[in-house]
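Just below is one structure, and these are the notes that go with it.
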Amino acid sequence: MTEINKLVTVEQAGNGVELRFSKDVPDEVIEEQVSSCQASTCTCCTPAFREKVESFSSEKTASGVKVTIKGDITSEQVKENVLSCAPKLTK
């Protein structure tokens, strides 16, 4: 999990959680994963977690891509669910 921590930081933010990806993760890989989560076709989120999520969104920043997951969720829940897809991010 240490390598994953170099690639993404997860922080509680307002009404959700923010994931900030380093530039070492290709933008298109992140976009593909966010699209999969938005369409509920990803394999990383459990049904119980997905029920708490209102939305997934992403934006490019100077330091990399920021993904915002809004809903009644904690950073720990995001780490347990969404980051299970993280090995796919190193393609």
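By order of appearance in the structure tokens: chains A, B, ..., then residues from 1 within every chain, and ligands from 1 in the order shown.
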
Give me, as a tab-separated table, each residue of segment 18-43 of chain A that comes within 9 Å of segment 60-74 of chain A, together with its shortest interatomic pair and the distance in Å at one decimal, counting only C-alpha atoms, with rows ordered by chain and rising residue number.
```
residue	atom	partner	partner_atom	distance
A:Glu18	CA	A:Thr68	CA	4.5
A:Leu19	CA	A:Val67	CA	5.0
A:Arg20	CA	A:Lys66	CA	4.5
A:Phe21	CA	A:Val65	CA	5.3
A:Ser22	CA	A:Gly64	CA	5.1
A:Lys23	CA	A:Gly64	CA	4.7
A:Asp24	CA	A:Gly64	CA	8.3
A:Val25	CA	A:Gly64	CA	8.1
A:Pro26	CA	A:Val65	CA	9.0
A:Asp27	CA	A:Val65	CA	6.7
A:Ile30	CA	A:Val65	CA	7.7
A:Glu31	CA	A:Val65	CA	8.9
A:Val34	CA	A:Val67	CA	7.9
```

Just write the chosen residues, N, CA and C atoms, as a PDB file, in the first residue's frame.
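Okay, this is what ended up in again.pdb:
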```
ATOM      1  N   GLU A  18     -11.848  13.878  -1.230  1.00  0.00           N
ATOM      2  CA  GLU A  18     -11.048  14.240  -2.399  1.00  0.00           C
ATOM      3  C   GLU A  18      -9.863  13.305  -2.524  1.00  0.00           C
ATOM      4  N   LEU A  19      -9.594  12.872  -3.738  1.00  0.00           N
ATOM      5  CA  LEU A  19      -8.418  12.079  -4.042  1.00  0.00           C
ATOM      6  C   LEU A  19      -7.567  12.914  -4.976  1.00  0.00           C
ATOM      7  N   ARG A  20      -6.322  13.107  -4.605  1.00  0.00           N
ATOM      8  CA  ARG A  20      -5.409  13.879  -5.450  1.00  0.00           C
ATOM      9  C   ARG A  20      -4.332  12.934  -5.968  1.00  0.00           C
ATOM     10  N   PHE A  21      -4.338  12.752  -7.284  1.00  0.00           N
ATOM     11  CA  PHE A  21      -3.405  11.826  -7.921  1.00  0.00           C
ATOM     12  C   PHE A  21      -2.171  12.566  -8.396  1.00  0.00           C
ATOM     13  N   SER A  22      -1.019  11.916  -8.265  1.00  0.00           N
ATOM     14  CA  SER A  22       0.219  12.521  -8.743  1.00  0.00           C
ATOM     15  C   SER A  22       0.245  12.460 -10.267  1.00  0.00           C
ATOM     16  N   LYS A  23       1.161  13.208 -10.850  1.00  0.00           N
ATOM     17  CA  LYS A  23       1.289  13.223 -12.309  1.00  0.00           C
ATOM     18  C   LYS A  23       1.859  11.902 -12.823  1.00  0.00           C
ATOM     19  N   ASP A  24       2.298  11.023 -11.902  1.00  0.00           N
ATOM     20  CA  ASP A  24       2.808   9.713 -12.304  1.00  0.00           C
ATOM     21  C   ASP A  24       1.696   8.789 -12.782  1.00  0.00           C
ATOM     22  N   VAL A  25       0.444   9.152 -12.479  1.00  0.00           N
ATOM     23  CA  VAL A  25      -0.698   8.361 -12.921  1.00  0.00           C
ATOM     24  C   VAL A  25      -1.262   9.038 -14.170  1.00  0.00           C
ATOM     25  N   PRO A  26      -1.311   8.331 -15.287  1.00  0.00           N
ATOM     26  CA  PRO A  26      -1.814   8.945 -16.531  1.00  0.00           C
ATOM     27  C   PRO A  26      -3.258   9.441 -16.384  1.00  0.00           C
ATOM     28  N   ASP A  27      -3.510  10.650 -16.860  1.00  0.00           N
ATOM     29  CA  ASP A  27      -4.848  11.248 -16.775  1.00  0.00           C
ATOM     30  C   ASP A  27      -5.918  10.340 -17.364  1.00  0.00           C
ATOM     31  N   ILE A  30      -7.067   7.585 -15.034  1.00  0.00           N
ATOM     32  CA  ILE A  30      -7.947   8.089 -13.969  1.00  0.00           C
ATOM     33  C   ILE A  30      -9.331   8.371 -14.535  1.00  0.00           C
ATOM     34  N   GLU A  31      -9.380   9.027 -15.695  1.00  0.00           N
ATOM     35  CA  GLU A  31     -10.666   9.348 -16.321  1.00  0.00           C
ATOM     36  C   GLU A  31     -11.469   8.080 -16.611  1.00  0.00           C
ATOM     37  N   VAL A  34     -12.848   6.814 -13.281  1.00  0.00           N
ATOM     38  CA  VAL A  34     -13.946   7.670 -12.808  1.00  0.00           C
ATOM     39  C   VAL A  34     -15.204   7.385 -13.621  1.00  0.00           C
TER      40      VAL A  34
END
```

| Can you list every residue in chain A that DSSP puts in alpha helix (DSSP H), as an MDAnalysis selection string? | chainID A and resid 2:7 27:38 47:52 75:81

Store the residues picked out above in a file with C-alpha atoms, as an mmCIF file, in the first residue's frame.
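Just written: again-v5.cif:
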```
data_model
loop_
_atom_site.group_PDB
_atom_site.id
_atom_site.type_symbol
_atom_site.label_atom_id
_atom_site.label_comp_id
_atom_site.auth_asym_id
_atom_site.auth_seq_id
_atom_site.Cartn_x
_atom_site.Cartn_y
_atom_site.Cartn_z
ATOM 1 C CA THR A 2 3.000 2.313 0.433
ATOM 2 C CA GLU A 3 3.390 2.755 -3.323
ATOM 3 C CA ILE A 4 -0.280 3.676 -3.612
ATOM 4 C CA ASN A 5 0.235 6.413 -1.006
ATOM 5 C CA LYS A 6 2.853 7.947 -3.311
ATOM 6 C CA LEU A 7 0.364 8.008 -6.165
ATOM 7 C CA ASP A 27 -4.848 11.248 -16.775
ATOM 8 C CA GLU A 28 -6.633 8.907 -19.174
ATOM 9 C CA VAL A 29 -6.354 5.993 -16.728
ATOM 10 C CA ILE A 30 -7.947 8.089 -13.969
ATOM 11 C CA GLU A 31 -10.666 9.348 -16.321
ATOM 12 C CA GLU A 32 -11.436 5.781 -17.395
ATOM 13 C CA GLN A 33 -11.757 4.675 -13.756
ATOM 14 C CA VAL A 34 -13.946 7.670 -12.808
ATOM 15 C CA SER A 35 -16.206 6.935 -15.788
ATOM 16 C CA SER A 36 -16.498 3.323 -14.645
ATOM 17 C CA CYS A 37 -17.434 4.456 -11.128
ATOM 18 C CA GLN A 38 -19.957 6.991 -12.482
ATOM 19 C CA PRO A 47 -23.014 -1.944 -3.240
ATOM 20 C CA ALA A 48 -23.206 -0.560 0.319
ATOM 21 C CA PHE A 49 -20.522 2.046 -0.471
ATOM 22 C CA ARG A 50 -22.110 2.966 -3.799
ATOM 23 C CA GLU A 51 -25.457 3.662 -2.072
ATOM 24 C CA LYS A 52 -23.764 6.379 0.027
ATOM 25 C CA SER A 75 -11.854 8.864 3.687
ATOM 26 C CA GLU A 76 -11.445 5.413 5.266
ATOM 27 C CA GLN A 77 -14.385 4.039 3.266
ATOM 28 C CA VAL A 78 -12.869 5.479 0.089
ATOM 29 C CA LYS A 79 -9.532 3.858 0.885
ATOM 30 C CA GLU A 80 -11.255 0.489 1.420
ATOM 31 C CA ASN A 81 -13.392 0.705 -1.744
#
```

| Residue list (strand (DSSP E), DSSP) for chain A, as a list of chain:residue names | A:Val8, A:Thr9, A:Val10, A:Glu11, A:Gln12, A:Ala13, A:Gly16, A:Val17, A:Glu18, A:Leu19, A:Arg20, A:Phe21, A:Val53, A:Glu54, A:Ser55, A:Phe56, A:Ser57, A:Ser58, A:Glu59, A:Lys60, A:Thr61, A:Gly64, A:Val65, A:Lys66, A:Val67, A:Thr68, A:Ile69, A:Lys70, A:Gly71

File of the preceding selection, N, CA and C atoms, as a PDB file, in the first residue's frame:
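File part.pdb, as written:
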```
ATOM      1  N   VAL A   8      -1.455   8.695  -4.683  1.00  0.00           N
ATOM      2  CA  VAL A   8      -2.714   9.378  -4.382  1.00  0.00           C
ATOM      3  C   VAL A   8      -2.801   9.728  -2.905  1.00  0.00           C
ATOM      4  N   THR A   9      -3.363  10.921  -2.635  1.00  0.00           N
ATOM      5  CA  THR A   9      -3.677  11.286  -1.256  1.00  0.00           C
ATOM      6  C   THR A   9      -5.195  11.359  -1.149  1.00  0.00           C
ATOM      7  N   VAL A  10      -5.713  10.938  -0.005  1.00  0.00           N
ATOM      8  CA  VAL A  10      -7.150  10.897   0.225  1.00  0.00           C
ATOM      9  C   VAL A  10      -7.449  11.779   1.423  1.00  0.00           C
ATOM     10  N   GLU A  11      -8.342  12.754   1.241  1.00  0.00           N
ATOM     11  CA  GLU A  11      -8.676  13.692   2.312  1.00  0.00           C
ATOM     12  C   GLU A  11     -10.175  13.893   2.410  1.00  0.00           C
ATOM     13  N   GLN A  12     -10.654  13.968   3.662  1.00  0.00           N
ATOM     14  CA  GLN A  12     -12.062  14.306   3.897  1.00  0.00           C
ATOM     15  C   GLN A  12     -12.242  15.759   3.479  1.00  0.00           C
ATOM     16  N   ALA A  13     -13.340  16.045   2.775  1.00  0.00           N
ATOM     17  CA  ALA A  13     -13.563  17.411   2.309  1.00  0.00           C
ATOM     18  C   ALA A  13     -15.054  17.714   2.294  1.00  0.00           C
ATOM     19  N   GLY A  16     -17.851  15.200   1.255  1.00  0.00           N
ATOM     20  CA  GLY A  16     -17.326  14.049   0.547  1.00  0.00           C
ATOM     21  C   GLY A  16     -15.850  13.851   0.804  1.00  0.00           C
ATOM     22  N   VAL A  17     -15.185  13.270  -0.180  1.00  0.00           N
ATOM     23  CA  VAL A  17     -13.769  12.941  -0.068  1.00  0.00           C
ATOM     24  C   VAL A  17     -13.071  13.340  -1.365  1.00  0.00           C
ATOM     25  N   GLU A  18     -11.848  13.878  -1.230  1.00  0.00           N
ATOM     26  CA  GLU A  18     -11.048  14.240  -2.399  1.00  0.00           C
ATOM     27  C   GLU A  18      -9.863  13.305  -2.524  1.00  0.00           C
ATOM     28  N   LEU A  19      -9.594  12.872  -3.738  1.00  0.00           N
ATOM     29  CA  LEU A  19      -8.418  12.079  -4.042  1.00  0.00           C
ATOM     30  C   LEU A  19      -7.567  12.914  -4.976  1.00  0.00           C
ATOM     31  N   ARG A  20      -6.322  13.107  -4.605  1.00  0.00           N
ATOM     32  CA  ARG A  20      -5.409  13.879  -5.450  1.00  0.00           C
ATOM     33  C   ARG A  20      -4.332  12.934  -5.968  1.00  0.00           C
ATOM     34  N   PHE A  21      -4.338  12.752  -7.284  1.00  0.00           N
ATOM     35  CA  PHE A  21      -3.405  11.826  -7.921  1.00  0.00           C
ATOM     36  C   PHE A  21      -2.171  12.566  -8.396  1.00  0.00           C
ATOM     37  N   VAL A  53     -22.778   7.116  -2.076  1.00  0.00           N
ATOM     38  CA  VAL A  53     -22.143   8.081  -2.982  1.00  0.00           C
ATOM     39  C   VAL A  53     -23.194   8.810  -3.809  1.00  0.00           C
ATOM     40  N   GLU A  54     -23.079  10.139  -3.833  1.00  0.00           N
ATOM     41  CA  GLU A  54     -23.965  10.962  -4.655  1.00  0.00           C
ATOM     42  C   GLU A  54     -23.382  11.163  -6.045  1.00  0.00           C
ATOM     43  N   SER A  55     -22.049  11.386  -6.102  1.00  0.00           N
ATOM     44  CA  SER A  55     -21.427  11.635  -7.405  1.00  0.00           C
ATOM     45  C   SER A  55     -19.922  11.433  -7.369  1.00  0.00           C
ATOM     46  N   PHE A  56     -19.365  11.163  -8.547  1.00  0.00           N
ATOM     47  CA  PHE A  56     -17.920  11.091  -8.773  1.00  0.00           C
ATOM     48  C   PHE A  56     -17.615  12.164  -9.811  1.00  0.00           C
ATOM     49  N   SER A  57     -16.586  12.959  -9.586  1.00  0.00           N
ATOM     50  CA  SER A  57     -16.173  13.928 -10.600  1.00  0.00           C
ATOM     51  C   SER A  57     -14.656  14.062 -10.566  1.00  0.00           C
ATOM     52  N   SER A  58     -14.102  14.575 -11.657  1.00  0.00           N
ATOM     53  CA  SER A  58     -12.649  14.764 -11.708  1.00  0.00           C
ATOM     54  C   SER A  58     -12.323  16.068 -12.407  1.00  0.00           C
ATOM     55  N   GLU A  59     -11.152  16.591 -12.080  1.00  0.00           N
ATOM     56  CA  GLU A  59     -10.668  17.803 -12.753  1.00  0.00           C
ATOM     57  C   GLU A  59      -9.152  17.782 -12.765  1.00  0.00           C
ATOM     58  N   LYS A  60      -8.593  18.337 -13.826  1.00  0.00           N
ATOM     59  CA  LYS A  60      -7.141  18.412 -13.937  1.00  0.00           C
ATOM     60  C   LYS A  60      -6.665  19.646 -13.186  1.00  0.00           C
ATOM     61  N   THR A  61      -5.579  19.474 -12.410  1.00  0.00           N
ATOM     62  CA  THR A  61      -4.975  20.584 -11.689  1.00  0.00           C
ATOM     63  C   THR A  61      -3.497  20.649 -12.079  1.00  0.00           C
ATOM     64  N   GLY A  64      -1.741  17.489 -10.843  1.00  0.00           N
ATOM     65  CA  GLY A  64      -2.251  16.184 -11.250  1.00  0.00           C
ATOM     66  C   GLY A  64      -3.771  16.231 -11.320  1.00  0.00           C
ATOM     67  N   VAL A  65      -4.406  15.078 -11.252  1.00  0.00           N
ATOM     68  CA  VAL A  65      -5.864  15.014 -11.329  1.00  0.00           C
ATOM     69  C   VAL A  65      -6.460  14.907  -9.928  1.00  0.00           C
ATOM     70  N   LYS A  66      -7.532  15.677  -9.708  1.00  0.00           N
ATOM     71  CA  LYS A  66      -8.253  15.620  -8.436  1.00  0.00           C
ATOM     72  C   LYS A  66      -9.608  14.984  -8.702  1.00  0.00           C
ATOM     73  N   VAL A  67      -9.926  13.941  -7.933  1.00  0.00           N
ATOM     74  CA  VAL A  67     -11.220  13.279  -8.036  1.00  0.00           C
ATOM     75  C   VAL A  67     -11.991  13.588  -6.766  1.00  0.00           C
ATOM     76  N   THR A  68     -13.226  14.020  -6.919  1.00  0.00           N
ATOM     77  CA  THR A  68     -14.091  14.312  -5.780  1.00  0.00           C
ATOM     78  C   THR A  68     -15.233  13.306  -5.768  1.00  0.00           C
ATOM     79  N   ILE A  69     -15.409  12.673  -4.618  1.00  0.00           N
ATOM     80  CA  ILE A  69     -16.515  11.740  -4.440  1.00  0.00           C
ATOM     81  C   ILE A  69     -17.416  12.357  -3.377  1.00  0.00           C
ATOM     82  N   LYS A  70     -18.620  12.755  -3.787  1.00  0.00           N
ATOM     83  CA  LYS A  70     -19.551  13.388  -2.853  1.00  0.00           C
ATOM     84  C   LYS A  70     -20.523  12.358  -2.315  1.00  0.00           C
ATOM     85  N   GLY A  71     -20.866  12.544  -1.042  1.00  0.00           N
ATOM     86  CA  GLY A  71     -21.814  11.644  -0.412  1.00  0.00           C
ATOM     87  C   GLY A  71     -21.520  11.509   1.069  1.00  0.00           C
TER      88      GLY A  71
END
```

| Close residues, Cys85 of chain A itself excluded, 9 Å, only C-alpha atoms, min 4 positions apart in chain, as a PyMOL selection string | chain A and resi 33+42-45+81+89
